[in-house]
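**Q** My structure is stored as work.txt, with compact mmCIF, C-alpha atoms.
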```
# COMPACT_ATOMS: atom_id res chain seq x y z
CA MET D 1 -3.14 -70.56 -64.47
CA ALA D 2 -4.05 -73.74 -66.34
CA ALA D 3 -2.62 -74.27 -69.78
CA HIS D 4 -5.24 -74.07 -72.47
CA LEU D 5 -5.38 -74.75 -76.17
CA GLY D 6 -8.31 -73.99 -78.41
CA ILE D 7 -8.60 -75.54 -81.85
CA LYS D 8 -11.22 -74.49 -84.37
CA LEU D 9 -11.64 -76.21 -87.73
CA ILE D 10 -12.58 -74.44 -90.95
CA ASN D 11 -13.64 -77.04 -93.52
CA ARG D 12 -13.03 -76.14 -97.17
CA GLY D 13 -13.65 -79.53 -98.75
CA GLU D 14 -10.26 -81.14 -99.38
CA GLU D 15 -8.55 -78.39 -97.38
CA GLY D 16 -8.87 -77.87 -93.66
CA GLU D 17 -7.61 -74.94 -91.63
CA LEU D 18 -6.99 -75.38 -87.93
CA LEU D 19 -7.03 -72.17 -85.92
CA LEU D 20 -4.79 -72.67 -82.87
CA LYS D 21 -5.28 -70.45 -79.82
CA GLY D 22 -3.41 -70.41 -76.53
CA ARG D 23 -0.56 -72.76 -75.65
CA LEU D 24 0.67 -75.88 -77.42
CA ASP D 25 2.82 -77.47 -74.73
CA SER D 26 3.32 -80.69 -72.75
CA VAL D 27 -0.05 -80.25 -71.01
CA THR D 28 -2.08 -79.64 -74.19
CA SER D 29 -0.12 -81.62 -76.80
CA GLU D 30 -1.87 -84.96 -76.24
CA GLU D 31 -5.29 -83.38 -76.72
CA ALA D 32 -3.96 -81.54 -79.77
CA ALA D 33 -2.63 -84.83 -81.17
CA GLU D 34 -6.18 -86.21 -81.37
CA TYR D 35 -7.40 -83.20 -83.37
CA LEU D 36 -4.34 -83.18 -85.62
CA GLU D 37 -4.63 -86.92 -86.31
CA ALA D 38 -8.33 -86.62 -87.19
CA ALA D 39 -7.65 -83.64 -89.46
CA ALA D 40 -4.77 -85.45 -91.19
CA ASN D 41 -7.06 -88.39 -91.91
CA ARG D 42 -9.81 -86.15 -93.26
CA PHE D 43 -8.07 -83.55 -95.45
CA GLU D 44 -5.59 -83.59 -98.33
CA HIS D 45 -4.24 -80.16 -97.41
CA LEU D 46 -3.99 -78.77 -93.89
CA ILE D 47 -3.21 -75.25 -92.79
CA LEU D 48 -2.20 -74.51 -89.21
CA ASN D 49 -3.15 -70.91 -88.47
CA MET D 50 -1.06 -69.75 -85.50
CA ALA D 51 -2.34 -66.16 -85.34
CA GLU D 52 -3.62 -66.67 -81.78
CA LEU D 53 -1.05 -69.21 -80.58
CA ASP D 54 0.86 -67.66 -77.69
CA TYR D 55 3.40 -70.38 -76.89
CA ILE D 56 4.81 -73.62 -78.28
CA SER D 57 7.07 -76.08 -76.47
CA SER D 58 9.12 -79.02 -77.71
CA ALA D 59 6.09 -81.26 -77.09
CA GLY D 60 4.03 -79.02 -79.38
CA LEU D 61 6.75 -79.03 -82.03
CA ARG D 62 6.82 -82.82 -81.86
CA GLN D 63 3.07 -83.00 -82.58
CA ILE D 64 3.44 -80.69 -85.58
CA LYS D 65 6.37 -82.72 -86.90
CA MET D 66 4.34 -85.94 -86.56
CA LEU D 67 1.49 -84.25 -88.44
CA HIS D 68 3.92 -83.19 -91.17
CA VAL D 69 5.22 -86.76 -91.55
CA LYS D 70 1.67 -88.16 -91.69
CA MET D 71 0.66 -85.67 -94.38
CA GLN D 72 3.79 -86.48 -96.43
CA LYS D 73 3.07 -90.22 -96.23
CA LYS D 74 -0.39 -89.70 -97.68
CA LEU D 75 1.01 -87.28 -100.31
CA GLY D 76 -0.89 -84.42 -98.72
CA ALA D 77 0.35 -80.96 -97.80
CA LEU D 78 0.80 -79.05 -94.56
CA SER D 79 1.20 -75.27 -94.41
CA ILE D 80 1.68 -73.00 -91.42
CA LYS D 81 0.63 -69.36 -91.39
CA ASN D 82 0.45 -66.31 -89.13
CA VAL D 83 3.37 -67.34 -86.93
CA ASN D 84 4.37 -64.65 -84.45
CA ASP D 85 8.02 -63.70 -83.96
CA ASN D 86 8.45 -65.61 -80.67
CA ILE D 87 7.10 -68.87 -82.07
CA MET D 88 9.07 -68.46 -85.30
CA GLU D 89 12.19 -68.07 -83.17
CA VAL D 90 11.44 -71.46 -81.58
CA PHE D 91 11.05 -73.03 -85.04
CA GLU D 92 14.35 -71.48 -86.11
CA MET D 93 16.30 -72.37 -82.94
CA THR D 94 15.24 -76.01 -83.17
CA GLY D 95 15.98 -76.29 -86.88
CA PHE D 96 12.31 -76.98 -87.64
CA ALA D 97 11.85 -73.81 -89.71
CA GLY D 98 13.32 -75.53 -92.77
CA LEU D 99 10.93 -78.50 -92.51
CA PHE D 100 7.67 -76.67 -92.94
CA ASN D 101 5.94 -74.58 -95.59
CA PHE D 102 5.25 -71.17 -94.04
CA VAL D 103 2.74 -69.07 -95.97
```
Since I need it in another form, could you write the structure as structure tokens?
**A**
Amino acid sequence: MAAHLGIKLINRGEEGELLLKGRLDSVTSEEAAEYLEAAANRFEHLILNMAELDYISSAGLRQIKMLHVKMQKKLGALSIKNVNDNIMEVFEMTGFAGLFNFV
């Protein structure tokens, strides 16, 4: 089964919400990086909605951390919502849970 990641953008003016679906891993993280970079350049506030994200690997976490740093540099904001228990466990085990604003 091929790894797949779907990303849908909801544009709310200065705020953008990215709906993530599938897997954010080493196979899909480079493609995701392009979307995340474009969204960071476009919006002052970004929300990552992980309601339909099934899996995240260290490569996926790295992309989210780079997005977080980019948003901080431009004095923007990044929020993460609808994180399932398995993915939250990955955030907690890696120490990343304390870096992000979960809503």
**Q** Need the shell around Gly6 (chain D): protein/DNA/RNA residues with any atom at most 8 Å away, counting all atoms listed in the file. Skip same-chain ones fewer than 5 positions apart. Format as a PyMOL selection string?
**A** chain D and resi 19-22
**Q** Considering all atoms listed in the file, state which residue in the set D:Glu14, D:Glu30, D:Glu92, D:Glu44 is at the smallest distance from Gly60 (chain D).
**A** D:Glu30
**Q** Using only C-alpha atoms, which of the listed residues (D:Leu48, D:Ala97, D:Ala59, D:Met66) sits closest to Ser79 (chain D)?
**A**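 Closest to Ser79 (chain D) of all the choices is D:Leu48.
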**Q** Which residues, protein or nucleic acid, reach to within 6 Å of (-0.1, -80.6, -86.9) in the file's coordinates when using all atoms listed in the file, and can you give that as number ranges by chain?
**A** D: 36, 63-64, 67
**Q** Figure out the distance between CA of Asp54 (chain D) and CA of Ile7 (chain D), please, to one decimal in Å.
**A**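 Between CA of Ile7 (chain D) and CA of Asp54 (chain D) the gap works out to 13.0 Å.
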**Q** Can you work out which one of D:Leu99, D:Leu53, D:Met93, D:Ala40 has the shortest atom-to-atom distance to Lys65 (chain D), counting only C-alpha atoms?
**A** D:Leu99
**Q** Can you tell me, as an MDAnalysis selection string, what residues are no more than 12 Å from Arg12 (chain D) when counting only C-alpha atoms, ignoring any on the same chain fewer than 5 positions away?
**A** chainID D and resid 17:18 42:47
**Q** Name the closest residue to His68 (chain D) among the candidates D:Glu15, D:Asp25, D:Ile80, D:Glu89; distances are taken between atoms, counting only C-alpha atoms.
**A**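 Once distances to His68 (chain D) are computed over only C-alpha atoms, the minimum belongs to D:Ile80.
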**Q** Grab the CA of Lys81 (chain D) to CA of Asn41 (chain D) distance for me, in Å with one decimal place.
**A** 20.5 Å
**Q** Would you mind reading off the distance between CA of Leu78 (chain D) and CA of Glu37 (chain D), one decimal, in Å?
**A**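 Computing the Euclidean distance for CA of Leu78 (chain D) and CA of Glu37 (chain D) yields 12.6 Å.
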**Q** Of the residues D:Val103, D:Leu9, D:Val27, D:Ala38, which is the one nearest to Val83 (chain D), using all atoms listed in the file?
**A**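 Between D:Val103, D:Leu9, D:Val27, D:Ala38, the residue approaching Val83 (chain D) most closely is D:Val103.
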**Q** Excluding same-chain residues fewer than 3 positions from His4 (chain D), what lies within 8 Å of it counting all atoms listed in the file, as a PyMOL selection string?
**A** chain D and resi 22-24+28
**Q** Quick one: of D:Met50, D:Ala33, D:Val69, D:Ile56, who's nearest to Asn84 (chain D), counting only C-alpha atoms?
**A**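 Using only C-alpha atoms, the shortest distance to Asn84 (chain D) belongs to D:Met50.
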**Q** Just save region 31-59 of chain D with N, CA and C atoms, as a PDB file, in the first residue's frame.
**A**
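In the end it all went to part_18.pdb:
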```pdb
ATOM      1  N   GLU D  31       6.595  16.396  -0.037  1.00  0.00           N
ATOM      2  CA  GLU D  31       5.428  16.997  -0.698  1.00  0.00           C
ATOM      3  C   GLU D  31       4.701  17.920   0.286  1.00  0.00           C
ATOM      4  N   ALA D  32       4.544  17.460   1.514  1.00  0.00           N
ATOM      5  CA  ALA D  32       3.886  18.270   2.534  1.00  0.00           C
ATOM      6  C   ALA D  32       4.653  19.562   2.770  1.00  0.00           C
ATOM      7  N   ALA D  33       5.983  19.491   2.733  1.00  0.00           N
ATOM      8  CA  ALA D  33       6.819  20.671   2.984  1.00  0.00           C
ATOM      9  C   ALA D  33       6.481  21.795   2.016  1.00  0.00           C
ATOM     10  N   GLU D  34       6.204  21.463   0.765  1.00  0.00           N
ATOM     11  CA  GLU D  34       5.853  22.482  -0.232  1.00  0.00           C
ATOM     12  C   GLU D  34       4.550  23.186   0.145  1.00  0.00           C
ATOM     13  N   TYR D  35       3.549  22.426   0.542  1.00  0.00           N
ATOM     14  CA  TYR D  35       2.265  23.003   0.950  1.00  0.00           C
ATOM     15  C   TYR D  35       2.414  23.847   2.211  1.00  0.00           C
ATOM     16  N   LEU D  36       3.157  23.314   3.188  1.00  0.00           N
ATOM     17  CA  LEU D  36       3.336  24.025   4.449  1.00  0.00           C
ATOM     18  C   LEU D  36       4.093  25.329   4.244  1.00  0.00           C
ATOM     19  N   GLU D  37       5.113  25.295   3.410  1.00  0.00           N
ATOM     20  CA  GLU D  37       5.908  26.501   3.105  1.00  0.00           C
ATOM     21  C   GLU D  37       5.024  27.565   2.442  1.00  0.00           C
ATOM     22  N   ALA D  38       4.239  27.148   1.453  1.00  0.00           N
ATOM     23  CA  ALA D  38       3.359  28.088   0.754  1.00  0.00           C
ATOM     24  C   ALA D  38       2.328  28.685   1.713  1.00  0.00           C
ATOM     25  N   ALA D  39       1.773  27.848   2.586  1.00  0.00           N
ATOM     26  CA  ALA D  39       0.782  28.330   3.545  1.00  0.00           C
ATOM     27  C   ALA D  39       1.418  29.288   4.546  1.00  0.00           C
ATOM     28  N   ALA D  40       2.630  28.984   4.989  1.00  0.00           N
ATOM     29  CA  ALA D  40       3.327  29.864   5.942  1.00  0.00           C
ATOM     30  C   ALA D  40       3.593  31.226   5.325  1.00  0.00           C
ATOM     31  N   ASN D  41       3.895  31.259   4.043  1.00  0.00           N
ATOM     32  CA  ASN D  41       4.154  32.525   3.360  1.00  0.00           C
ATOM     33  C   ASN D  41       2.876  33.329   3.154  1.00  0.00           C
ATOM     34  N   ARG D  42       1.751  32.654   3.087  1.00  0.00           N
ATOM     35  CA  ARG D  42       0.487  33.301   2.729  1.00  0.00           C
ATOM     36  C   ARG D  42      -0.329  33.793   3.917  1.00  0.00           C
ATOM     37  N   PHE D  43      -0.276  33.081   5.051  1.00  0.00           N
ATOM     38  CA  PHE D  43      -1.178  33.370   6.163  1.00  0.00           C
ATOM     39  C   PHE D  43      -0.433  33.840   7.409  1.00  0.00           C
ATOM     40  N   GLU D  44      -1.103  34.653   8.203  1.00  0.00           N
ATOM     41  CA  GLU D  44      -0.558  35.100   9.493  1.00  0.00           C
ATOM     42  C   GLU D  44      -0.802  34.057  10.575  1.00  0.00           C
ATOM     43  N   HIS D  45      -1.902  33.324  10.466  1.00  0.00           N
ATOM     44  CA  HIS D  45      -2.229  32.287  11.432  1.00  0.00           C
ATOM     45  C   HIS D  45      -2.572  31.015  10.677  1.00  0.00           C
ATOM     46  N   LEU D  46      -1.939  29.920  11.069  1.00  0.00           N
ATOM     47  CA  LEU D  46      -2.209  28.624  10.450  1.00  0.00           C
ATOM     48  C   LEU D  46      -2.735  27.657  11.494  1.00  0.00           C
ATOM     49  N   ILE D  47      -3.703  26.862  11.067  1.00  0.00           N
ATOM     50  CA  ILE D  47      -4.219  25.784  11.892  1.00  0.00           C
ATOM     51  C   ILE D  47      -3.985  24.482  11.132  1.00  0.00           C
ATOM     52  N   LEU D  48      -3.357  23.519  11.787  1.00  0.00           N
ATOM     53  CA  LEU D  48      -3.240  22.177  11.232  1.00  0.00           C
ATOM     54  C   LEU D  48      -4.334  21.336  11.864  1.00  0.00           C
ATOM     55  N   ASN D  49      -5.271  20.890  11.046  1.00  0.00           N
ATOM     56  CA  ASN D  49      -6.374  20.063  11.519  1.00  0.00           C
ATOM     57  C   ASN D  49      -6.006  18.609  11.231  1.00  0.00           C
ATOM     58  N   MET D  50      -5.767  17.840  12.298  1.00  0.00           N
ATOM     59  CA  MET D  50      -5.293  16.465  12.160  1.00  0.00           C
ATOM     60  C   MET D  50      -6.392  15.432  12.392  1.00  0.00           C
ATOM     61  N   ALA D  51      -7.647  15.828  12.224  1.00  0.00           N
ATOM     62  CA  ALA D  51      -8.774  14.927  12.477  1.00  0.00           C
ATOM     63  C   ALA D  51      -8.681  13.650  11.645  1.00  0.00           C
ATOM     64  N   GLU D  52      -8.163  13.748  10.422  1.00  0.00           N
ATOM     65  CA  GLU D  52      -8.097  12.579   9.546  1.00  0.00           C
ATOM     66  C   GLU D  52      -6.665  12.126   9.277  1.00  0.00           C
ATOM     67  N   LEU D  53      -5.728  12.579  10.118  1.00  0.00           N
ATOM     68  CA  LEU D  53      -4.350  12.124   9.990  1.00  0.00           C
ATOM     69  C   LEU D  53      -4.211  10.816  10.765  1.00  0.00           C
ATOM     70  N   ASP D  54      -3.765   9.773  10.071  1.00  0.00           N
ATOM     71  CA  ASP D  54      -3.688   8.448  10.676  1.00  0.00           C
ATOM     72  C   ASP D  54      -2.333   8.160  11.316  1.00  0.00           C
ATOM     73  N   TYR D  55      -1.280   8.784  10.790  1.00  0.00           N
ATOM     74  CA  TYR D  55       0.072   8.427  11.227  1.00  0.00           C
ATOM     75  C   TYR D  55       1.006   9.606  11.016  1.00  0.00           C
ATOM     76  N   ILE D  56       1.960   9.772  11.933  1.00  0.00           N
ATOM     77  CA  ILE D  56       3.005  10.774  11.752  1.00  0.00           C
ATOM     78  C   ILE D  56       4.333  10.156  12.181  1.00  0.00           C
ATOM     79  N   SER D  57       5.364  10.368  11.377  1.00  0.00           N
ATOM     80  CA  SER D  57       6.699   9.860  11.689  1.00  0.00           C
ATOM     81  C   SER D  57       7.602  11.020  12.093  1.00  0.00           C
ATOM     82  N   SER D  58       8.843  10.707  12.398  1.00  0.00           N
ATOM     83  CA  SER D  58       9.798  11.764  12.761  1.00  0.00           C
ATOM     84  C   SER D  58       9.988  12.744  11.608  1.00  0.00           C
ATOM     85  N   ALA D  59       9.912  12.265  10.371  1.00  0.00           N
ATOM     86  CA  ALA D  59      10.026  13.164   9.214  1.00  0.00           C
ATOM     87  C   ALA D  59       8.849  14.140   9.180  1.00  0.00           C
TER      88      ALA D  59
END
```
